[in-house]
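Participant: Quick one: structure below, then a few questions.
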Amino acid sequence: MHLRLKTKITLTIALLVLAVVGVNSAISLATLTRQVIHQADSRASLVVQRIFFQTQSALADAARQGKAPASNRPADAREYARAALEENASLSSLIDAEVGDPLLYEVTIVDSEGTALISSDVSLAGRKGPSRPPLSQFINAGFFRQLRIIYGPQQTYAVAYP
(Lines give C-alpha, C1' and ligand atoms only; values in the text may rest on other atoms or scores of the structure.)
Protein backbone atom coordinates (compact mmCIF):
# COMPACT_ATOMS: atom_id res chain seq x y z
CA MET A 1 0.00 0.00 0.00
CA HIS A 2 1.49 3.29 -1.09
CA LEU A 3 0.24 6.62 0.17
CA ARG A 4 0.64 9.79 -1.75
CA LEU A 5 2.99 12.40 -0.34
CA LYS A 6 0.10 14.77 0.38
CA THR A 7 -1.67 12.07 2.44
CA LYS A 8 1.53 11.27 4.36
CA ILE A 9 2.06 14.95 5.21
CA THR A 10 -1.59 15.34 6.28
CA LEU A 11 -1.40 12.26 8.54
CA THR A 12 1.91 13.39 10.03
CA ILE A 13 0.56 16.87 10.81
CA ALA A 14 -2.65 15.41 12.29
CA LEU A 15 -0.67 13.04 14.54
CA LEU A 16 1.65 15.87 15.58
CA VAL A 17 -1.31 18.10 16.47
CA LEU A 18 -2.92 15.22 18.38
CA ALA A 19 0.33 14.63 20.29
CA VAL A 20 0.71 18.33 21.18
CA VAL A 21 -2.92 18.57 22.35
CA GLY A 22 -2.52 15.35 24.38
CA VAL A 23 0.66 16.55 26.09
CA ASN A 24 -0.83 19.97 26.85
CA SER A 25 -3.99 18.34 28.25
CA ALA A 26 -1.94 16.01 30.45
CA ILE A 27 0.16 18.91 31.76
CA SER A 28 -2.98 20.96 32.47
CA LEU A 29 -4.63 18.03 34.26
CA ALA A 30 -1.52 17.42 36.37
CA THR A 31 -1.24 21.10 37.28
CA LEU A 32 -4.92 21.41 38.17
CA THR A 33 -4.83 18.20 40.20
CA ARG A 34 -1.76 19.39 42.12
CA GLN A 35 -3.40 22.78 42.82
CA VAL A 36 -6.64 21.22 44.08
CA ILE A 37 -4.76 18.78 46.30
CA HIS A 38 -2.61 21.54 47.79
CA GLN A 39 -5.69 23.72 48.36
CA ALA A 40 -7.33 20.82 50.19
CA ASP A 41 -4.17 20.36 52.27
CA SER A 42 -4.04 24.08 53.11
CA ARG A 43 -7.72 24.04 54.05
CA ALA A 44 -7.23 20.97 56.25
CA SER A 45 -4.23 22.56 57.98
CA LEU A 46 -6.21 25.71 58.66
CA VAL A 47 -9.12 23.72 60.10
CA VAL A 48 -6.77 21.70 62.31
CA GLN A 49 -5.17 24.87 63.67
CA ARG A 50 -8.56 26.50 64.33
CA ILE A 51 -9.81 23.38 66.13
CA PHE A 52 -6.59 23.18 68.15
CA PHE A 53 -6.76 26.80 69.30
CA GLN A 54 -10.46 26.48 70.15
CA THR A 55 -9.64 23.31 72.10
CA GLN A 56 -7.01 25.21 74.08
CA SER A 57 -9.56 27.93 74.73
CA ALA A 58 -12.15 25.38 75.91
CA LEU A 59 -9.70 23.84 78.38
CA ALA A 60 -8.64 27.29 79.61
CA ASP A 61 -12.33 28.27 80.07
CA ALA A 62 -12.94 25.13 82.11
CA ALA A 63 -9.91 25.92 84.32
CA ARG A 64 -11.10 29.53 84.80
CA GLN A 65 -14.47 28.19 85.91
CA GLY A 66 -12.67 26.25 88.64
CA LYS A 67 -13.11 22.84 87.10
CA ALA A 68 -10.32 20.32 87.58
CA PRO A 69 -9.72 16.59 87.19
CA ALA A 70 -10.90 14.47 90.12
CA SER A 71 -7.34 13.13 90.57
CA ASN A 72 -4.02 12.82 88.78
CA ARG A 73 -5.04 9.50 87.26
CA PRO A 74 -4.99 9.47 83.45
CA ALA A 75 -8.62 8.32 83.32
CA ASP A 76 -9.72 11.33 85.41
CA ALA A 77 -7.66 13.73 83.31
CA ARG A 78 -9.19 12.22 80.15
CA GLU A 79 -12.72 12.59 81.57
CA TYR A 80 -12.03 16.20 82.59
CA ALA A 81 -10.73 17.08 79.13
CA ARG A 82 -13.64 15.28 77.43
CA ALA A 83 -16.23 17.09 79.57
CA ALA A 84 -14.54 20.48 79.08
CA LEU A 85 -14.47 20.02 75.31
CA GLU A 86 -17.97 18.61 75.08
CA GLU A 87 -19.49 21.45 77.12
CA ASN A 88 -17.81 24.23 75.12
CA ALA A 89 -20.41 25.65 72.73
CA SER A 90 -17.82 27.51 70.63
CA LEU A 91 -15.86 24.33 69.96
CA SER A 92 -19.02 22.36 69.15
CA SER A 93 -20.26 24.99 66.72
CA LEU A 94 -16.82 25.22 65.07
CA ILE A 95 -16.73 21.45 64.59
CA ASP A 96 -20.27 21.43 63.20
CA ALA A 97 -19.42 24.24 60.78
CA GLU A 98 -16.23 22.58 59.56
CA VAL A 99 -17.86 19.19 59.02
CA GLY A 100 -20.30 20.95 56.67
CA ASP A 101 -17.39 21.37 54.20
CA PRO A 102 -17.59 18.67 51.49
CA LEU A 103 -13.85 17.94 51.78
CA LEU A 104 -14.01 17.35 55.53
CA TYR A 105 -15.45 14.03 56.66
CA GLU A 106 -15.10 14.30 60.41
CA VAL A 107 -13.33 16.10 63.23
CA THR A 108 -12.06 14.00 66.11
CA ILE A 109 -9.92 15.20 69.00
CA VAL A 110 -7.91 12.39 70.53
CA ASP A 111 -5.71 12.15 73.60
CA SER A 112 -2.08 11.00 73.59
CA GLU A 113 -3.22 7.36 73.52
CA GLY A 114 -5.46 7.89 70.49
CA THR A 115 -8.75 7.72 72.41
CA ALA A 116 -11.38 10.04 70.99
CA LEU A 117 -12.31 12.74 73.52
CA ILE A 118 -14.83 14.42 71.24
CA SER A 119 -15.83 13.74 67.67
CA SER A 120 -18.30 14.84 65.04
CA ASP A 121 -18.94 11.09 64.64
CA VAL A 122 -20.73 10.26 67.90
CA SER A 123 -19.91 6.55 67.54
CA LEU A 124 -16.20 7.34 68.10
CA ALA A 125 -16.49 9.14 71.45
CA GLY A 126 -14.51 7.31 74.12
CA ARG A 127 -13.12 4.78 71.65
CA LYS A 128 -9.83 4.51 69.82
CA GLY A 129 -9.86 6.81 66.81
CA PRO A 130 -9.81 5.04 63.46
CA SER A 131 -6.42 4.40 61.91
CA ARG A 132 -6.15 6.39 58.71
CA PRO A 133 -3.18 7.17 56.50
CA PRO A 134 -1.89 10.74 56.75
CA LEU A 135 -2.98 13.20 54.05
CA SER A 136 0.71 13.77 53.30
CA GLN A 137 0.85 10.23 51.90
CA PHE A 138 -1.71 11.23 49.25
CA ILE A 139 -0.08 14.61 48.61
CA ASN A 140 3.35 13.04 48.08
CA ALA A 141 2.06 10.27 45.80
CA GLY A 142 2.87 10.41 42.12
CA PHE A 143 0.42 11.95 39.66
CA PHE A 144 -0.97 8.64 38.33
CA ARG A 145 -1.34 7.24 41.85
CA GLN A 146 -3.23 10.41 42.85
CA LEU A 147 -5.57 9.96 39.88
CA ARG A 148 -6.20 6.33 40.86
CA ILE A 149 -7.01 7.46 44.41
CA ILE A 150 -9.26 10.30 43.25
CA TYR A 151 -11.22 8.17 40.79
CA GLY A 152 -11.08 4.95 42.80
CA PRO A 153 -13.02 3.95 45.90
CA GLN A 154 -13.44 6.69 48.48
CA GLN A 155 -10.62 6.95 51.00
CA THR A 156 -10.32 9.00 54.15
CA TYR A 157 -7.05 10.56 55.28
CA ALA A 158 -6.02 12.02 58.61
CA VAL A 159 -4.57 15.44 59.29
CA ALA A 160 -3.00 15.69 62.72
CA TYR A 161 -1.77 18.64 64.70
CA PRO A 162 1.19 17.63 66.86
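A note on labels: chains of the C-alpha coordinates are A, B, ... as shown, every chain counts residues from 1, and ligands are counted from 1 in their shown order.
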Write down as a short mmCIF file (atom, residue, chain, number, x, y, z; two decimals) with N, CA, C and O atoms, in the first residue's frame the residues of chain A whose backbone DSSP state falls under helix (DSSP H, G or I).
Facilitator:
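Result file follows (states_25.cif):
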```cif
data_model
loop_
_atom_site.label_atom_id
_atom_site.label_comp_id
_atom_site.auth_asym_id
_atom_site.auth_seq_id
_atom_site.Cartn_x
_atom_site.Cartn_y
_atom_site.Cartn_z
N LEU A 5 2.23 11.49 -1.19
CA LEU A 5 2.99 12.40 -0.34
C LEU A 5 2.06 13.34 0.42
O LEU A 5 2.26 13.59 1.61
N LYS A 6 1.05 13.85 -0.25
CA LYS A 6 0.10 14.77 0.38
C LYS A 6 -0.62 14.08 1.55
O LYS A 6 -0.81 14.66 2.62
N THR A 7 -0.99 12.83 1.38
CA THR A 7 -1.67 12.07 2.44
C THR A 7 -0.71 11.83 3.61
O THR A 7 -1.10 11.95 4.78
N LYS A 8 0.53 11.48 3.30
CA LYS A 8 1.53 11.27 4.36
C LYS A 8 1.75 12.54 5.17
O LYS A 8 1.82 12.50 6.40
N ILE A 9 1.86 13.67 4.51
CA ILE A 9 2.06 14.95 5.21
C ILE A 9 0.85 15.28 6.07
O ILE A 9 0.97 15.69 7.23
N THR A 10 -0.35 15.06 5.53
CA THR A 10 -1.59 15.34 6.28
C THR A 10 -1.67 14.47 7.54
O THR A 10 -1.99 14.95 8.63
N LEU A 11 -1.38 13.17 7.39
CA LEU A 11 -1.40 12.26 8.54
C LEU A 11 -0.34 12.64 9.57
O LEU A 11 -0.58 12.61 10.78
N THR A 12 0.84 13.00 9.12
CA THR A 12 1.91 13.39 10.03
C THR A 12 1.53 14.65 10.81
O THR A 12 1.71 14.71 12.04
N ILE A 13 0.97 15.63 10.14
CA ILE A 13 0.56 16.87 10.81
C ILE A 13 -0.58 16.58 11.80
O ILE A 13 -0.58 17.08 12.92
N ALA A 14 -1.54 15.75 11.40
CA ALA A 14 -2.65 15.41 12.29
C ALA A 14 -2.15 14.70 13.54
O ALA A 14 -2.58 15.01 14.67
N LEU A 15 -1.24 13.75 13.38
CA LEU A 15 -0.67 13.04 14.54
C LEU A 15 0.14 13.98 15.42
O LEU A 15 0.11 13.88 16.65
N LEU A 16 0.87 14.90 14.82
CA LEU A 16 1.65 15.87 15.58
C LEU A 16 0.74 16.78 16.39
O LEU A 16 0.98 17.02 17.57
N VAL A 17 -0.35 17.26 15.75
CA VAL A 17 -1.31 18.10 16.47
C VAL A 17 -1.95 17.32 17.61
O VAL A 17 -2.10 17.82 18.73
N LEU A 18 -2.33 16.07 17.35
CA LEU A 18 -2.92 15.22 18.38
C LEU A 18 -1.94 15.03 19.55
O LEU A 18 -2.34 15.10 20.71
N ALA A 19 -0.68 14.81 19.25
CA ALA A 19 0.33 14.63 20.29
C ALA A 19 0.49 15.91 21.12
O ALA A 19 0.55 15.85 22.36
N VAL A 20 0.56 17.06 20.46
CA VAL A 20 0.71 18.33 21.18
C VAL A 20 -0.50 18.59 22.08
O VAL A 20 -0.36 18.97 23.25
N VAL A 21 -1.70 18.37 21.55
CA VAL A 21 -2.92 18.57 22.35
C VAL A 21 -2.93 17.59 23.52
O VAL A 21 -3.27 17.97 24.64
N GLY A 22 -2.55 16.35 23.30
CA GLY A 22 -2.52 15.35 24.38
C GLY A 22 -1.54 15.73 25.48
O GLY A 22 -1.86 15.64 26.67
N VAL A 23 -0.35 16.15 25.10
CA VAL A 23 0.66 16.55 26.09
C VAL A 23 0.20 17.78 26.87
O VAL A 23 0.30 17.82 28.11
N ASN A 24 -0.33 18.77 26.17
CA ASN A 24 -0.83 19.97 26.85
C ASN A 24 -1.98 19.63 27.80
O ASN A 24 -2.06 20.17 28.91
N SER A 25 -2.87 18.74 27.39
CA SER A 25 -3.99 18.34 28.25
C SER A 25 -3.48 17.62 29.50
O SER A 25 -3.95 17.86 30.61
N ALA A 26 -2.51 16.74 29.32
CA ALA A 26 -1.94 16.01 30.45
C ALA A 26 -1.25 16.96 31.42
O ALA A 26 -1.40 16.84 32.65
N ILE A 27 -0.51 17.92 30.90
CA ILE A 27 0.16 18.91 31.76
C ILE A 27 -0.87 19.75 32.51
O ILE A 27 -0.73 19.99 33.71
N SER A 28 -1.93 20.16 31.83
CA SER A 28 -2.98 20.96 32.47
C SER A 28 -3.68 20.15 33.56
O SER A 28 -3.94 20.66 34.65
N LEU A 29 -3.98 18.89 33.27
CA LEU A 29 -4.63 18.03 34.26
C LEU A 29 -3.73 17.83 35.48
O LEU A 29 -4.18 17.91 36.62
N ALA A 30 -2.46 17.60 35.26
CA ALA A 30 -1.52 17.42 36.37
C ALA A 30 -1.41 18.68 37.21
O ALA A 30 -1.42 18.62 38.45
N THR A 31 -1.34 19.83 36.55
CA THR A 31 -1.24 21.10 37.28
C THR A 31 -2.50 21.37 38.09
O THR A 31 -2.43 21.74 39.26
N LEU A 32 -3.65 21.18 37.47
CA LEU A 32 -4.92 21.41 38.17
C LEU A 32 -5.08 20.45 39.34
O LEU A 32 -5.49 20.85 40.43
N THR A 33 -4.73 19.19 39.12
CA THR A 33 -4.83 18.20 40.20
C THR A 33 -3.93 18.59 41.36
O THR A 33 -4.35 18.56 42.52
N ARG A 34 -2.71 18.98 41.07
CA ARG A 34 -1.76 19.39 42.12
C ARG A 34 -2.30 20.61 42.89
O ARG A 34 -2.22 20.66 44.11
N GLN A 35 -2.86 21.58 42.17
CA GLN A 35 -3.40 22.78 42.82
C GLN A 35 -4.57 22.43 43.74
O GLN A 35 -4.64 22.91 44.87
N VAL A 36 -5.47 21.60 43.27
CA VAL A 36 -6.64 21.22 44.08
C VAL A 36 -6.20 20.45 45.32
O VAL A 36 -6.70 20.69 46.42
N ILE A 37 -5.25 19.56 45.16
CA ILE A 37 -4.76 18.78 46.30
C ILE A 37 -4.08 19.69 47.32
O ILE A 37 -4.30 19.57 48.52
N HIS A 38 -3.29 20.63 46.86
CA HIS A 38 -2.61 21.54 47.79
C HIS A 38 -3.61 22.50 48.45
O HIS A 38 -3.43 22.87 49.61
N GLN A 39 -4.65 22.89 47.74
CA GLN A 39 -5.69 23.72 48.36
C GLN A 39 -6.40 22.93 49.45
O GLN A 39 -6.69 23.47 50.53
N ALA A 40 -6.68 21.66 49.18
CA ALA A 40 -7.33 20.82 50.19
C ALA A 40 -6.42 20.65 51.41
O ALA A 40 -6.88 20.71 52.55
N ASP A 41 -5.12 20.48 51.17
CA ASP A 41 -4.17 20.36 52.27
C ASP A 41 -4.11 21.65 53.08
O ASP A 41 -4.11 21.62 54.32
N SER A 42 -4.07 22.79 52.40
CA SER A 42 -4.04 24.08 53.11
C SER A 42 -5.31 24.27 53.93
O SER A 42 -5.26 24.73 55.07
N ARG A 43 -6.45 23.91 53.35
CA ARG A 43 -7.72 24.04 54.05
C ARG A 43 -7.73 23.14 55.28
O ARG A 43 -8.15 23.54 56.36
N ALA A 44 -7.27 21.91 55.12
CA ALA A 44 -7.23 20.97 56.25
C ALA A 44 -6.30 21.48 57.35
O ALA A 44 -6.64 21.40 58.53
N SER A 45 -5.16 22.02 56.98
CA SER A 45 -4.23 22.56 57.98
C SER A 45 -4.84 23.73 58.73
O SER A 45 -4.69 23.85 59.95
N LEU A 46 -5.54 24.58 58.02
CA LEU A 46 -6.21 25.71 58.66
C LEU A 46 -7.29 25.24 59.63
O LEU A 46 -7.38 25.74 60.77
N VAL A 47 -8.07 24.25 59.22
CA VAL A 47 -9.12 23.72 60.10
C VAL A 47 -8.50 23.10 61.35
O VAL A 47 -8.96 23.34 62.47
N VAL A 48 -7.43 22.34 61.17
CA VAL A 48 -6.77 21.70 62.31
C VAL A 48 -6.26 22.75 63.29
O VAL A 48 -6.42 22.61 64.50
N GLN A 49 -5.67 23.82 62.79
CA GLN A 49 -5.17 24.87 63.67
C GLN A 49 -6.32 25.56 64.41
O GLN A 49 -6.22 25.82 65.61
N ARG A 50 -7.40 25.85 63.69
CA ARG A 50 -8.56 26.50 64.33
C ARG A 50 -9.14 25.61 65.42
O ARG A 50 -9.48 26.10 66.51
N ILE A 51 -9.27 24.33 65.14
CA ILE A 51 -9.81 23.38 66.13
C ILE A 51 -8.85 23.30 67.32
O ILE A 51 -9.29 23.31 68.48
N PHE A 52 -7.56 23.26 67.06
CA PHE A 52 -6.59 23.18 68.15
C PHE A 52 -6.69 24.41 69.07
O PHE A 52 -6.74 24.27 70.29
N PHE A 53 -6.71 25.59 68.48
CA PHE A 53 -6.76 26.80 69.30
C PHE A 53 -8.08 26.90 70.05
O PHE A 53 -8.12 27.35 71.20
N GLN A 54 -9.18 26.46 69.44
CA GLN A 54 -10.46 26.48 70.15
C GLN A 54 -10.47 25.44 71.26
O GLN A 54 -11.07 25.65 72.30
N THR A 55 -9.77 24.33 71.06
CA THR A 55 -9.64 23.31 72.10
C THR A 55 -8.86 23.86 73.29
O THR A 55 -9.25 23.68 74.45
N GLN A 56 -7.77 24.57 73.00
CA GLN A 56 -7.01 25.21 74.08
C GLN A 56 -7.89 26.19 74.85
O GLN A 56 -7.85 26.24 76.08
N SER A 57 -8.67 26.95 74.11
CA SER A 57 -9.56 27.93 74.73
C SER A 57 -10.61 27.24 75.60
O SER A 57 -10.92 27.71 76.70
N ALA A 58 -11.15 26.12 75.14
CA ALA A 58 -12.15 25.38 75.91
C ALA A 58 -11.57 24.86 77.21
O ALA A 58 -12.20 24.94 78.27
N LEU A 59 -10.35 24.34 77.16
CA LEU A 59 -9.70 23.84 78.38
C LEU A 59 -9.37 24.99 79.33
O LEU A 59 -9.52 24.86 80.56
N ALA A 60 -8.94 26.13 78.78
CA ALA A 60 -8.64 27.29 79.61
C ALA A 60 -9.93 27.83 80.26
O ALA A 60 -9.92 28.20 81.43
N ASP A 61 -11.04 27.83 79.51
CA ASP A 61 -12.33 28.27 80.07
C ASP A 61 -12.75 27.37 81.22
O ASP A 61 -13.23 27.86 82.26
N ALA A 62 -12.57 26.07 81.05
CA ALA A 62 -12.94 25.13 82.11
C ALA A 62 -12.08 25.38 83.36
O ALA A 62 -12.60 25.37 84.49
N ALA A 63 -10.80 25.64 83.18
CA ALA A 63 -9.91 25.92 84.32
C ALA A 63 -10.31 27.22 85.00
O ALA A 63 -10.31 27.31 86.24
N ARG A 64 -10.67 28.25 84.20
CA ARG A 64 -11.10 29.53 84.80
C ARG A 64 -12.39 29.38 85.59
O ARG A 64 -12.63 30.11 86.54
N PRO A 74 -4.74 9.18 84.86
CA PRO A 74 -4.99 9.47 83.45
C PRO A 74 -6.47 9.39 83.07
O PRO A 74 -6.95 10.19 82.27
N ALA A 75 -7.19 8.46 83.64
CA ALA A 75 -8.62 8.32 83.32
C ALA A 75 -9.40 9.55 83.76
O ALA A 75 -10.30 10.02 83.05
N ASP A 76 -9.04 10.12 84.92
CA ASP A 76 -9.72 11.33 85.41
C ASP A 76 -9.35 12.54 84.55
O ASP A 76 -10.20 13.39 84.27
N ALA A 77 -8.09 12.63 84.17
CA ALA A 77 -7.66 13.73 83.31
C ALA A 77 -8.36 13.64 81.95
O ALA A 77 -8.80 14.66 81.40
N ARG A 78 -8.50 12.43 81.42
CA ARG A 78 -9.19 12.22 80.15
C ARG A 78 -10.66 12.64 80.27
O ARG A 78 -11.20 13.31 79.40
N GLU A 79 -11.31 12.24 81.36
CA GLU A 79 -12.72 12.59 81.57
C GLU A 79 -12.90 14.09 81.73
O GLU A 79 -13.85 14.68 81.21
N TYR A 80 -11.98 14.74 82.43
CA TYR A 80 -12.03 16.20 82.59
C TYR A 80 -11.91 16.89 81.23
O TYR A 80 -12.70 17.78 80.91
N ALA A 81 -10.94 16.47 80.44
CA ALA A 81 -10.73 17.08 79.13
C ALA A 81 -11.94 16.82 78.23
O ALA A 81 -12.43 17.73 77.55
N ARG A 82 -12.47 15.60 78.25
CA ARG A 82 -13.64 15.28 77.43
C ARG A 82 -14.83 16.14 77.80
O ARG A 82 -15.49 16.73 76.94
N ALA A 83 -15.09 16.28 79.11
CA ALA A 83 -16.23 17.09 79.57
C ALA A 83 -16.02 18.56 79.20
O ALA A 83 -16.96 19.23 78.76
N ALA A 84 -14.81 19.07 79.39
CA ALA A 84 -14.54 20.48 79.08
C ALA A 84 -14.75 20.76 77.59
O ALA A 84 -15.31 21.79 77.22
N LEU A 85 -14.32 19.83 76.75
CA LEU A 85 -14.47 20.02 75.31
C LEU A 85 -15.92 19.87 74.88
O LEU A 85 -16.44 20.63 74.07
N GLU A 86 -16.58 18.88 75.44
CA GLU A 86 -17.97 18.61 75.08
C GLU A 86 -18.90 19.74 75.49
O GLU A 86 -19.87 20.05 74.80
N GLU A 87 -18.62 20.39 76.61
CA GLU A 87 -19.49 21.45 77.12
C GLU A 87 -19.21 22.81 76.49
O GLU A 87 -19.97 23.74 76.70
N ALA A 89 -19.53 25.39 73.88
CA ALA A 89 -20.41 25.65 72.73
C ALA A 89 -19.63 26.17 71.53
O ALA A 89 -19.97 25.83 70.38
N SER A 90 -18.60 26.97 71.75
CA SER A 90 -17.82 27.51 70.63
C SER A 90 -17.11 26.40 69.87
O SER A 90 -17.09 26.39 68.63
N LEU A 91 -16.55 25.45 70.60
CA LEU A 91 -15.86 24.33 69.96
C LEU A 91 -16.86 23.46 69.20
O LEU A 91 -16.62 23.08 68.05
N SER A 92 -18.00 23.19 69.81
CA SER A 92 -19.02 22.36 69.15
C SER A 92 -19.52 23.01 67.87
O SER A 92 -19.66 22.35 66.83
N SER A 93 -19.76 24.32 67.92
CA SER A 93 -20.26 24.99 66.72
C SER A 93 -19.17 25.06 65.64
O SER A 93 -19.47 24.94 64.45
N LEU A 94 -17.91 25.22 66.04
CA LEU A 94 -16.82 25.22 65.07
C LEU A 94 -16.72 23.86 64.39
O LEU A 94 -16.59 23.77 63.16
N ILE A 95 -16.79 22.80 65.16
CA ILE A 95 -16.73 21.45 64.59
C ILE A 95 -17.89 21.22 63.63
O ILE A 95 -17.71 20.72 62.53
N ASP A 96 -19.09 21.60 64.06
CA ASP A 96 -20.27 21.43 63.20
C ASP A 96 -20.11 22.21 61.89
O ASP A 96 -20.46 21.72 60.82
N ALA A 97 -19.60 23.42 61.97
CA ALA A 97 -19.42 24.24 60.78
C ALA A 97 -18.38 23.64 59.84
O ALA A 97 -18.56 23.64 58.62
N GLU A 98 -17.30 23.13 60.39
CA GLU A 98 -16.23 22.58 59.56
C GLU A 98 -16.64 21.27 58.90
O GLU A 98 -16.26 21.00 57.77
N VAL A 99 -17.43 20.47 59.59
CA VAL A 99 -17.86 19.19 59.02
C VAL A 99 -18.84 19.42 57.87
O VAL A 99 -19.01 18.57 57.01
N VAL A 122 -20.42 10.61 66.52
CA VAL A 122 -20.73 10.26 67.90
C VAL A 122 -20.36 8.82 68.25
O VAL A 122 -20.13 8.50 69.42
N SER A 123 -20.26 7.94 67.25
CA SER A 123 -19.91 6.55 67.54
C SER A 123 -18.44 6.40 67.96
O SER A 123 -18.05 5.36 68.49
N LEU A 124 -17.63 7.43 67.75
CA LEU A 124 -16.20 7.34 68.10
C LEU A 124 -15.89 7.80 69.52
O LEU A 124 -14.83 7.49 70.04
N LEU A 135 -2.71 12.51 55.32
CA LEU A 135 -2.98 13.20 54.05
C LEU A 135 -1.68 13.41 53.27
O LEU A 135 -1.68 13.38 52.04
N SER A 136 -0.58 13.57 53.98
CA SER A 136 0.71 13.77 53.30
C SER A 136 1.07 12.59 52.40
O SER A 136 1.73 12.76 51.38
N GLN A 137 0.59 11.40 52.74
CA GLN A 137 0.85 10.23 51.90
C GLN A 137 0.19 10.40 50.53
O GLN A 137 0.77 10.06 49.51
N PHE A 138 -1.01 10.96 50.51
CA PHE A 138 -1.71 11.23 49.25
C PHE A 138 -1.04 12.38 48.50
O PHE A 138 -0.85 12.31 47.29
N ILE A 139 -0.68 13.43 49.22
CA ILE A 139 -0.08 14.61 48.61
C ILE A 139 1.25 14.25 47.95
O ILE A 139 1.56 14.73 46.86
N PHE A 143 1.62 11.45 40.34
CA PHE A 143 0.42 11.95 39.66
C PHE A 143 -0.56 10.82 39.32
O PHE A 143 -1.75 10.92 39.59
N PHE A 144 -0.07 9.73 38.73
CA PHE A 144 -0.97 8.64 38.33
C PHE A 144 -1.57 7.94 39.54
O PHE A 144 -2.73 7.53 39.52
N ARG A 145 -0.81 7.82 40.60
CA ARG A 145 -1.34 7.24 41.85
C ARG A 145 -2.43 8.16 42.41
O ARG A 145 -3.47 7.69 42.88
N GLN A 146 -2.21 9.47 42.38
CA GLN A 146 -3.23 10.41 42.85
C GLN A 146 -4.51 10.27 42.03
O GLN A 146 -5.61 10.28 42.59
N LEU A 147 -4.38 10.13 40.73
CA LEU A 147 -5.57 9.96 39.88
C LEU A 147 -6.31 8.67 40.23
O LEU A 147 -7.54 8.64 40.29
N ARG A 148 -5.55 7.59 40.47
CA ARG A 148 -6.20 6.33 40.86
C ARG A 148 -6.94 6.48 42.18
O ARG A 148 -8.02 5.94 42.36
N ILE A 149 -6.35 7.24 43.11
CA ILE A 149 -7.01 7.46 44.41
C ILE A 149 -8.25 8.32 44.23
O ILE A 149 -9.32 8.03 44.78
N ILE A 150 -8.13 9.38 43.45
CA ILE A 150 -9.26 10.30 43.25
C ILE A 150 -10.43 9.59 42.58
O ILE A 150 -11.58 9.76 42.99
N TYR A 151 -10.16 8.81 41.55
CA TYR A 151 -11.22 8.17 40.79
C TYR A 151 -11.53 6.75 41.25
O TYR A 151 -12.42 6.11 40.69
#
```
Participant: Any chance you could list, as a list in words, the residues in range 1-153 of chain A that come up strand (DSSP E) when DSSP is run on the backbone?
Facilitator: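 Here is the list: Thr108, Ile109, Val110, Ala116, Leu117, Ile118 and Ser119 of chain A.
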Participant: Mind giving me the straight-line distance from CA of Ser71 in chain A to CA of Gly126 in chain A in Å, one decimal?
Facilitator: 18.9 Å
Participant: Of the candidates A:Leu104, A:Val110, A:His2, A:Pro69, which one gets nearest to Pro162 in chain A if we count only C-alpha atoms?
Facilitator: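 Among A:Leu104, A:Val110, A:His2, A:Pro69, it is A:Val110 that comes nearest to Pro162 in chain A.
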Participant: Can you pull out every residue within 8 Å of Ile109 in chain A, counting only C-alpha atoms, but drop anything in the same chain fewer than 4 positions away, and send it as a list in words?
Facilitator: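 Using only C-alpha atoms, the neighbours found are Ala116, Leu117, Ile118 and Ser119 of chain A.
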Participant: Between CA of Gln155 in chain A and CA of Tyr105 in chain A, measure the distance and give it in Å to one decimal.
Facilitator: 10.3 Å
Participant: Grab the CA of Pro130 in chain A to CA of Asn72 in chain A distance for me, in Å with one decimal place.
Facilitator: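 These atoms are spaced 27.1 Å apart.
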Participant: Got a sec: who's within 6 Å of range 157-159 of chain A, counting only C-alpha atoms, leaving out chain neighbours fewer than 2 positions off, as a PyMOL selection string?
Facilitator: chain A and resi 132-135
